[in-house]
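Asker: File query_17.tsv below, TSV, C-alpha atoms:
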chain	number	residue	atom	x	y	z
A	1	MET	CA	9.08	29.93	-6.63
A	2	ALA	CA	9.24	27.26	-3.95
A	3	ARG	CA	8.23	29.77	-1.26
A	4	ASP	CA	4.83	30.18	-2.94
A	5	THR	CA	3.94	26.62	-2.06
A	6	LEU	CA	4.84	26.96	1.63
A	7	PRO	CA	1.88	27.38	3.95
A	8	ASP	CA	1.78	30.51	6.10
A	9	GLU	CA	1.12	30.49	9.84
A	10	LYS	CA	-2.62	30.77	9.31
A	11	ALA	CA	-2.61	27.54	7.28
A	12	TYR	CA	-0.96	25.71	10.20
A	13	LEU	CA	-3.44	27.16	12.68
A	14	ASP	CA	-6.38	26.29	10.41
A	15	ALA	CA	-5.12	22.71	10.12
A	16	LEU	CA	-4.77	22.48	13.91
A	17	SER	CA	-8.26	23.84	14.35
A	18	ARG	CA	-9.69	21.29	11.90
A	19	HIS	CA	-7.85	18.51	13.67
A	20	ASN	CA	-9.13	19.58	17.09
A	21	SER	CA	-12.72	19.67	15.93
A	22	GLU	CA	-12.69	16.10	14.66
A	23	PRO	CA	-13.41	13.02	16.75
A	24	GLN	CA	-10.24	11.01	17.30
A	25	GLY	CA	-9.96	7.27	17.58
A	26	ASN	CA	-10.66	4.11	15.69
A	27	PRO	CA	-13.32	4.63	13.01
A	28	ASN	CA	-16.30	2.39	13.62
A	29	HIS	CA	-18.04	3.03	10.38
A	30	SER	CA	-17.23	2.68	6.72
A	31	GLU	CA	-16.24	5.55	4.47
A	32	ASP	CA	-19.10	7.63	3.22
A	33	CYS	CA	-18.79	6.80	-0.44
A	34	SER	CA	-21.15	5.09	-2.80
A	35	PHE	CA	-20.77	1.39	-3.28
A	36	GLU	CA	-21.19	1.81	-7.04
A	37	ALA	CA	-18.23	4.20	-7.25
A	38	PHE	CA	-16.08	1.87	-5.17
A	39	LYS	CA	-17.14	-1.16	-7.20
A	40	SER	CA	-16.40	0.57	-10.48
A	41	ALA	CA	-12.95	1.65	-9.27
A	42	THR	CA	-12.05	-1.78	-7.94
A	43	ASP	CA	-13.27	-3.46	-11.13
A	44	THR	CA	-10.81	-1.30	-13.06
A	45	LEU	CA	-8.06	-2.23	-10.65
A	46	ILE	CA	-8.86	-5.94	-10.85
A	47	ASN	CA	-8.65	-5.72	-14.64
A	48	ALA	CA	-5.20	-4.18	-14.26
A	49	LEU	CA	-4.12	-7.04	-12.00
A	50	SER	CA	-5.32	-9.58	-14.56
A	51	ARG	CA	-3.01	-8.27	-17.28
A	52	LYS	CA	-0.23	-10.57	-18.43
A	53	GLU	CA	2.41	-7.89	-17.83
A	54	THR	CA	1.93	-8.23	-14.06
A	55	LYS	CA	3.76	-11.53	-14.27
A	56	ALA	CA	6.99	-9.71	-15.09
A	57	VAL	CA	6.33	-6.73	-12.83
A	58	PHE	CA	5.59	-8.59	-9.59
B	59	MET	CA	18.12	-12.37	-7.54
B	60	SER	CA	20.77	-9.75	-6.81
B	61	TYR	CA	20.35	-6.90	-4.32
B	62	LYS	CA	20.01	-4.45	-7.19
B	63	GLU	CA	17.46	-6.62	-9.01
B	64	ILE	CA	15.34	-6.87	-5.85
B	65	LYS	CA	15.24	-3.08	-5.56
B	66	ILE	CA	14.31	-2.62	-9.23
B	67	LYS	CA	11.59	-5.26	-9.02
B	68	ARG	CA	9.97	-3.67	-5.99
B	69	ALA	CA	10.19	-0.17	-7.44
B	70	ARG	CA	8.42	-1.49	-10.55
B	71	SER	CA	5.67	-3.32	-8.65
B	72	LEU	CA	5.06	-0.26	-6.46
B	73	LEU	CA	4.89	2.03	-9.48
B	74	TYR	CA	2.54	-0.33	-11.26
B	75	ILE	CA	0.05	-0.47	-8.39
B	76	ALA	CA	0.32	3.28	-7.70
B	77	ARG	CA	-0.30	4.07	-11.35
B	78	GLU	CA	-3.32	1.78	-11.52
B	79	LEU	CA	-4.78	3.06	-8.23
B	80	ILE	CA	-4.47	6.61	-9.55
B	81	LYS	CA	-5.88	5.63	-12.93
B	82	CYS	CA	-9.01	4.09	-11.43
B	83	GLY	CA	-9.48	6.98	-8.99
B	84	ILE	CA	-8.92	5.11	-5.72
B	85	ILE	CA	-5.96	7.47	-5.16
B	86	ASP	CA	-6.39	11.12	-6.14
B	87	GLY	CA	-3.78	11.71	-8.83
B	88	GLU	CA	-4.66	15.39	-9.20
B	89	SER	CA	-3.60	16.33	-5.71
B	90	TYR	CA	-0.77	13.96	-5.00
B	91	VAL	CA	2.38	12.83	-6.72
B	92	LEU	CA	4.62	9.82	-6.35
B	93	ASN	CA	8.15	11.00	-5.60
B	94	ALA	CA	10.87	9.09	-7.46
B	95	ASP	CA	13.64	9.84	-4.98
B	96	ILE	CA	11.55	8.61	-2.06
B	97	ILE	CA	10.79	5.39	-3.97
B	98	SER	CA	14.52	4.90	-4.36
B	99	GLU	CA	15.10	5.32	-0.62
B	100	LEU	CA	12.11	3.16	0.17
B	101	VAL	CA	13.29	0.17	-1.85
B	102	GLU	CA	16.81	0.52	-0.44
B	103	HIS	CA	15.35	0.37	3.06
B	104	TYR	CA	13.19	-2.60	2.06
B	105	ALA	CA	16.12	-4.53	0.59
B	106	GLN	CA	18.14	-4.02	3.78
B	107	ASP	CA	15.15	-5.08	5.91
B	108	LEU	CA	14.72	-8.19	3.78
B	109	ALA	CA	18.37	-9.19	4.27
B	110	ASN	CA	18.02	-8.66	8.04
B	111	LEU	CA	14.80	-10.68	8.17
B	112	LYS	CA	16.38	-13.59	6.29
B	113	SER	CA	19.30	-13.58	8.68
B	114	ARG	CA	17.00	-13.43	11.74
B	115	TYR	CA	14.80	-16.32	10.61
B	116	GLY	CA	17.59	-18.35	9.01
B	117	ILE	CA	16.03	-18.15	5.54
B	118	ALA	CA	18.69	-19.41	3.16
B	119	ASP	CA	16.86	-18.90	-0.10
B	120	ARG	CA	13.79	-16.72	-0.66
B	121	ALA	CA	11.42	-15.07	1.77
B	122	ASN	CA	7.79	-15.64	0.78
B	123	SER	CA	5.54	-12.97	-0.71
B	124	ALA	CA	3.66	-12.32	2.56
B	125	LYS	CA	6.94	-11.23	4.12
B	126	ILE	CA	7.66	-9.05	1.09
B	127	SER	CA	4.17	-7.50	1.39
B	128	GLY	CA	4.72	-6.74	5.07
B	129	LEU	CA	8.22	-5.30	4.69
B	130	MET	CA	7.14	-3.19	1.75
B	131	ALA	CA	4.04	-1.96	3.62
B	132	GLY	CA	6.30	-1.00	6.52
B	133	ALA	CA	8.66	0.85	4.17
B	134	ILE	CA	5.77	2.65	2.47
B	135	MET	CA	4.53	3.82	5.86
B	136	ARG	CA	7.99	5.01	6.85
B	137	TYR	CA	8.81	6.92	3.65
B	138	ARG	CA	5.28	7.85	2.46
B	139	PRO	CA	6.16	8.18	-1.25
B	140	LEU	CA	2.87	9.86	-2.23
B	141	LEU	CA	3.24	13.55	-1.51
B	142	PRO	CA	0.72	16.39	-1.72
B	143	VAL	CA	1.56	18.69	-4.63
B	144	ASN	CA	1.42	21.80	-2.47
B	145	GLY	CA	1.91	22.79	1.14
B	146	ARG	CA	-1.68	23.92	1.56
B	147	ALA	CA	-3.21	20.54	0.78
B	148	ILE	CA	-5.72	19.40	3.37
B	149	LEU	CA	-4.73	15.95	4.52
B	150	ASP	CA	-7.93	15.05	6.37
B	151	GLY	CA	-8.90	11.66	5.06
B	152	TYR	CA	-5.84	11.53	2.87
B	153	ASP	CA	-4.82	7.91	2.96
B	154	GLY	CA	-3.12	7.30	-0.38
B	155	ASN	CA	0.01	5.79	1.15
B	156	GLU	CA	-2.03	3.43	3.33
B	157	ILE	CA	-4.11	2.37	0.31
B	158	LEU	CA	-0.92	1.83	-1.67
B	159	ALA	CA	0.56	-0.37	1.08
B	160	ILE	CA	-2.61	-2.47	1.38
B	161	TYR	CA	-3.26	-3.05	-2.32
B	162	HIS	CA	0.40	-3.65	-3.14
B	163	GLY	CA	0.45	-6.28	-0.40
B	164	LEU	CA	-2.77	-7.93	-1.57
B	165	ALA	CA	-1.48	-8.16	-5.15
B	166	LEU	CA	1.75	-9.80	-4.00
B	167	CYS	CA	-0.10	-12.29	-1.80
B	168	ALA	CA	-2.29	-13.34	-4.72
B	169	ILE	CA	0.53	-14.54	-6.95
B	170	GLN	CA	0.01	-18.05	-8.26
B	171	SER	CA	2.57	-20.72	-9.01
B	172	ASP	CA	2.77	-19.63	-12.67
B	173	GLY	CA	3.76	-16.12	-11.52
B	174	SER	CA	0.52	-14.40	-12.51
B	175	ILE	CA	-1.79	-12.65	-10.04
B	176	ASN	CA	-4.93	-14.54	-9.08
B	177	HIS	CA	-7.06	-11.47	-9.64
B	178	LYS	CA	-10.26	-13.43	-9.05
B	179	GLU	CA	-9.24	-14.04	-5.44
B	180	VAL	CA	-8.49	-10.34	-4.98
B	181	GLU	CA	-11.85	-9.50	-6.55
B	182	LYS	CA	-13.65	-11.92	-4.24
B	183	PHE	CA	-11.94	-10.38	-1.22
B	184	VAL	CA	-12.59	-6.72	-2.08
B	185	SER	CA	-16.20	-7.49	-3.06
B	186	GLN	CA	-17.11	-8.72	0.41
B	187	PRO	CA	-19.39	-6.31	2.30
B	188	ALA	CA	-16.95	-6.25	5.22
B	189	PHE	CA	-13.99	-5.22	3.06
B	190	ALA	CA	-14.64	-1.47	3.39
B	191	GLU	CA	-14.71	-1.76	7.18
B	192	TRP	CA	-11.61	-3.95	7.23
B	193	THR	CA	-9.76	-1.46	5.01
B	194	GLN	CA	-10.76	1.44	7.26
B	195	ARG	CA	-9.40	-0.33	10.31
B	196	PHE	CA	-6.23	-1.40	8.54
B	197	LYS	CA	-5.63	2.17	7.34
B	198	TYR	CA	-6.13	3.46	10.88
B	199	LEU	CA	-3.64	0.93	12.22
B	200	LEU	CA	-1.11	1.80	9.52
B	201	ARG	CA	-1.39	5.55	9.91
B	202	LYS	CA	-2.01	6.15	13.57
B	203	ARG	CA	-1.14	3.15	15.65
B	204	ASN	CA	1.94	1.04	16.29
B	205	HIS	CA	3.11	-1.76	14.05
B	206	THR	CA	6.26	-3.37	12.75
B	207	PRO	CA	6.98	-4.64	9.23
B	208	GLU	CA	7.00	-8.19	10.58
B	209	ALA	CA	3.58	-7.72	12.21
B	210	LEU	CA	2.26	-6.47	8.86
B	211	ALA	CA	3.83	-9.50	7.18
B	212	PHE	CA	1.77	-11.68	9.49
B	213	VAL	CA	-1.44	-9.90	8.39
B	214	PHE	CA	-0.60	-10.65	4.76
B	215	ASP	CA	0.49	-14.17	5.65
B	216	THR	CA	-2.98	-14.80	7.10
B	217	ILE	CA	-4.65	-13.47	3.96
B	218	GLY	CA	-2.38	-15.45	1.65
B	219	ASN	CA	-2.82	-18.67	3.58
B	220	PHE	CA	-6.41	-18.55	4.80
B	221	VAL	CA	-8.35	-16.09	2.64
B	222	PHE	CA	-6.90	-16.49	-0.84
B	223	SER	CA	-6.92	-19.91	-2.42
B	224	GLY	CA	-4.93	-21.07	-5.41
B	225	VAL	CA	-2.00	-18.82	-4.59
B	226	ASP	CA	1.62	-19.69	-3.99
B	227	LEU	CA	3.32	-17.48	-1.43
B	228	GLU	CA	6.70	-19.03	-2.16
B	229	GLN	CA	6.49	-18.34	-5.90
B	230	ALA	CA	6.83	-14.58	-5.63
B	231	GLY	CA	9.42	-14.76	-2.92
B	232	GLU	CA	12.77	-13.08	-3.19
How would this structure read if it were set down as structure tokens?

Answerer:
Amino acid sequence: MARDTLPDEKAYLDALSRHNSEPQGNPNHSEDCSFEAFKSATDTLINALSRKETKAVF
Amino acid sequence: MSYKEIKIKRARSLLYIARELIKCGIIDGESYVLNADIISELVEHYAQDLANLKSRYGIADRANSAKISGLMAGAIMRYRPLLPVNGRAILDGYDGNEILAIYHGLALCAIQSDGSINHKEVEKFVSQPAFAEWTQRFKYLLRKRNHTPEALAFVFDTIGNFVFSGVDLEQAGE
């Protein structure tokens, strides 16, 4: 069963090829995602941080 | 707080943040899973690091929450508890562990003197236009460049002291 999840040689070579084709170095631009999606996700997270239970958890 | 209690507390806070980040979609919960055994090793490493840090700096009682944030971020980067569910997962842009380290640290640094998280300060910080850029650079540093847990603690110390207001870094110390 576990062997089915192991990548074959081609998967390693494909990953290496992808890696080689990408620019390396410090990213100078923000992620290409919509601000609305980010805002909605962070709002949900902020709500989670505001819960009383965090007092005991953290 | 005993050694065992410290480990349990940090495992719980890490699980809480990971769960919420997955729930709100900031971390992709379909493709990645949080490994329980790695969490166990991670908090053991953290607790040992904390004891060493206290000895090094002569801290008799509790280390503040910025130090906890930094040591935990360092341990998250070392053990990477979020794993892809299969060996063929493409990891380009996969930064769940970095996100986990950053948000866990921010939450800890925002704890007020009554023990609750000053979520409004976190909200103010993440709502700034420059936050996305800052996060990108922090993730790059965490994943690809060199850092130490103490250096990361200093990042969180700066946020806790000079960015967040109305927080108490000593309150959440351990």

Asker: Which distance in Å separates atom CA of B:Cys167 and atom CA of B:Leu227, to one decimal?

Answerer: 6.2 Å

Asker: Sorted by chain and rising residue number, which residues of chain B lie within 6 Å of chain A, and what are their closest atom pairs and distances in Å to one decimal, counting all atoms listed in the file, as a Markdown table?

Answerer:
| residue | atom | partner | partner_atom | distance |
| --- | --- | --- | --- | --- |
| B:Ser71 | CA | A:Phe58 | CA | 5.4 |
| B:Cys82 | CA | A:Ala41 | CA | 5.1 |
| B:Asn144 | CA | A:Thr5 | CA | 5.5 |
| B:Gly145 | CA | A:Leu6 | CA | 5.1 |
| B:Arg146 | CA | A:Pro7 | CA | 5.5 |
| B:Gly173 | CA | A:Lys55 | CA | 5.4 |
| B:Ser174 | CA | A:Lys55 | CA | 4.7 |
| B:His177 | CA | A:Ser50 | CA | 5.6 |
| B:Ala190 | CA | A:Ser30 | CA | 5.9 |
| B:Glu191 | CA | A:Ser30 | CA | 5.1 |

Asker: So how far away is atom CA of B:Leu129 from atom CA of B:Arg68, in Å?

Answerer: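 Interatomic distance here is 10.9 Å.
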
Asker: Env of stretch 203-218 of chain B: 8 Å cut, atoms = all atoms listed in the file, seq-sep filter 5 positions within chain, self excluded. Answer as a count of residues only.

Answerer: 18

Asker: What is the atom CA of B:Leu92 to atom CA of A:Ser17 distance in Å?

Answerer: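 Here the two named atoms are 28.1 Å from each other.
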
Asker: Could you list, as a list in words, every residue within 8 Å of B:Gln229, counting all atoms listed in the file and ignoring same-chain residues fewer than 2 positions away?

Answerer: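 In the requested form, the answer reads Asn122, Ser123, Ile169, Gln170, Ser171, Asp172, Gly173, Asp226, Leu227 and Gly231 of chain B.
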
Asker: Given all atoms listed in the file as the basis, pick out the residue of B:Glu88, B:Gln194, B:Ala118, B:Gln106 nearest to B:Ala147.

Answerer: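 Nearest candidate to B:Ala147 out of B:Glu88, B:Gln194, B:Ala118, B:Gln106: B:Glu88.
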
Asker: Could you give me stretch 42-58 of chain A completed to N, CA, C and O atoms, formatted as a PDB file, keeping the file's coordinate frame?

Answerer:
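Okay, result.pdb is ready:
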ATOM      1  N   THR A  42     -12.753  -0.521  -8.203  1.00  0.00           N
ATOM      2  CA  THR A  42     -12.050  -1.780  -7.940  1.00  0.00           C
ATOM      3  C   THR A  42     -12.102  -2.706  -9.153  1.00  0.00           C
ATOM      4  O   THR A  42     -11.151  -3.439  -9.410  1.00  0.00           O
ATOM      5  N   ASP A  43     -13.207  -2.648  -9.915  1.00  0.00           N
ATOM      6  CA  ASP A  43     -13.270  -3.460 -11.130  1.00  0.00           C
ATOM      7  C   ASP A  43     -12.137  -3.076 -12.085  1.00  0.00           C
ATOM      8  O   ASP A  43     -11.500  -3.937 -12.702  1.00  0.00           O
ATOM      9  N   THR A  44     -11.895  -1.777 -12.188  1.00  0.00           N
ATOM     10  CA  THR A  44     -10.810  -1.300 -13.060  1.00  0.00           C
ATOM     11  C   THR A  44      -9.469  -1.812 -12.552  1.00  0.00           C
ATOM     12  O   THR A  44      -8.612  -2.244 -13.334  1.00  0.00           O
ATOM     13  N   LEU A  45      -9.321  -1.766 -11.243  1.00  0.00           N
ATOM     14  CA  LEU A  45      -8.060  -2.230 -10.650  1.00  0.00           C
ATOM     15  C   LEU A  45      -7.872  -3.737 -10.871  1.00  0.00           C
ATOM     16  O   LEU A  45      -6.781  -4.193 -11.216  1.00  0.00           O
ATOM     17  N   ILE A  46      -8.945  -4.491 -10.673  1.00  0.00           N
ATOM     18  CA  ILE A  46      -8.860  -5.940 -10.850  1.00  0.00           C
ATOM     19  C   ILE A  46      -8.466  -6.266 -12.294  1.00  0.00           C
ATOM     20  O   ILE A  46      -7.655  -7.156 -12.551  1.00  0.00           O
ATOM     21  N   ASN A  47      -9.025  -5.517 -13.234  1.00  0.00           N
ATOM     22  CA  ASN A  47      -8.650  -5.720 -14.640  1.00  0.00           C
ATOM     23  C   ASN A  47      -7.158  -5.483 -14.831  1.00  0.00           C
ATOM     24  O   ASN A  47      -6.489  -6.212 -15.572  1.00  0.00           O
ATOM     25  N   ALA A  48      -6.638  -4.468 -14.154  1.00  0.00           N
ATOM     26  CA  ALA A  48      -5.200  -4.180 -14.260  1.00  0.00           C
ATOM     27  C   ALA A  48      -4.377  -5.329 -13.703  1.00  0.00           C
ATOM     28  O   ALA A  48      -3.328  -5.692 -14.240  1.00  0.00           O
ATOM     29  N   LEU A  49      -4.868  -5.929 -12.609  1.00  0.00           N
ATOM     30  CA  LEU A  49      -4.120  -7.040 -12.000  1.00  0.00           C
ATOM     31  C   LEU A  49      -4.174  -8.302 -12.859  1.00  0.00           C
ATOM     32  O   LEU A  49      -3.342  -9.196 -12.708  1.00  0.00           O
ATOM     33  N   SER A  50      -5.183  -8.376 -13.733  1.00  0.00           N
ATOM     34  CA  SER A  50      -5.320  -9.580 -14.560  1.00  0.00           C
ATOM     35  C   SER A  50      -4.445  -9.542 -15.802  1.00  0.00           C
ATOM     36  O   SER A  50      -4.313 -10.543 -16.499  1.00  0.00           O
ATOM     37  N   ARG A  51      -3.822  -8.390 -16.077  1.00  0.00           N
ATOM     38  CA  ARG A  51      -3.010  -8.270 -17.280  1.00  0.00           C
ATOM     39  C   ARG A  51      -1.774  -9.179 -17.214  1.00  0.00           C
ATOM     40  O   ARG A  51      -1.214  -9.384 -16.139  1.00  0.00           O
ATOM     41  N   LYS A  52      -1.377  -9.655 -18.376  1.00  0.00           N
ATOM     42  CA  LYS A  52      -0.230 -10.570 -18.430  1.00  0.00           C
ATOM     43  C   LYS A  52       1.061  -9.898 -17.954  1.00  0.00           C
ATOM     44  O   LYS A  52       1.944 -10.553 -17.406  1.00  0.00           O
ATOM     45  N   GLU A  53       1.165  -8.593 -18.181  1.00  0.00           N
ATOM     46  CA  GLU A  53       2.410  -7.890 -17.830  1.00  0.00           C
ATOM     47  C   GLU A  53       2.722  -7.951 -16.334  1.00  0.00           C
ATOM     48  O   GLU A  53       3.873  -7.794 -15.928  1.00  0.00           O
ATOM     49  N   THR A  54       1.688  -8.200 -15.511  1.00  0.00           N
ATOM     50  CA  THR A  54       1.930  -8.230 -14.060  1.00  0.00           C
ATOM     51  C   THR A  54       2.886  -9.360 -13.687  1.00  0.00           C
ATOM     52  O   THR A  54       3.569  -9.301 -12.682  1.00  0.00           O
ATOM     53  N   LYS A  55       2.897 -10.379 -14.524  1.00  0.00           N
ATOM     54  CA  LYS A  55       3.760 -11.530 -14.270  1.00  0.00           C
ATOM     55  C   LYS A  55       5.229 -11.099 -14.198  1.00  0.00           C
ATOM     56  O   LYS A  55       5.985 -11.578 -13.358  1.00  0.00           O
ATOM     57  N   ALA A  56       5.596 -10.198 -15.086  1.00  0.00           N
ATOM     58  CA  ALA A  56       6.990  -9.710 -15.090  1.00  0.00           C
ATOM     59  C   ALA A  56       7.207  -8.639 -14.031  1.00  0.00           C
ATOM     60  O   ALA A  56       8.295  -8.527 -13.457  1.00  0.00           O
ATOM     61  N   VAL A  57       6.176  -7.873 -13.749  1.00  0.00           N
ATOM     62  CA  VAL A  57       6.330  -6.730 -12.830  1.00  0.00           C
ATOM     63  C   VAL A  57       6.438  -7.187 -11.373  1.00  0.00           C
ATOM     64  O   VAL A  57       7.256  -6.679 -10.604  1.00  0.00           O
ATOM     65  N   PHE A  58       5.610  -8.169 -10.990  1.00  0.00           N
ATOM     66  CA  PHE A  58       5.590  -8.590  -9.590  1.00  0.00           C
ATOM     67  C   PHE A  58       6.548  -9.738  -9.330  1.00  0.00           C
ATOM     68  O   PHE A  58       6.667 -10.239  -8.253  1.00  0.00           O
TER      69      PHE A  58
END
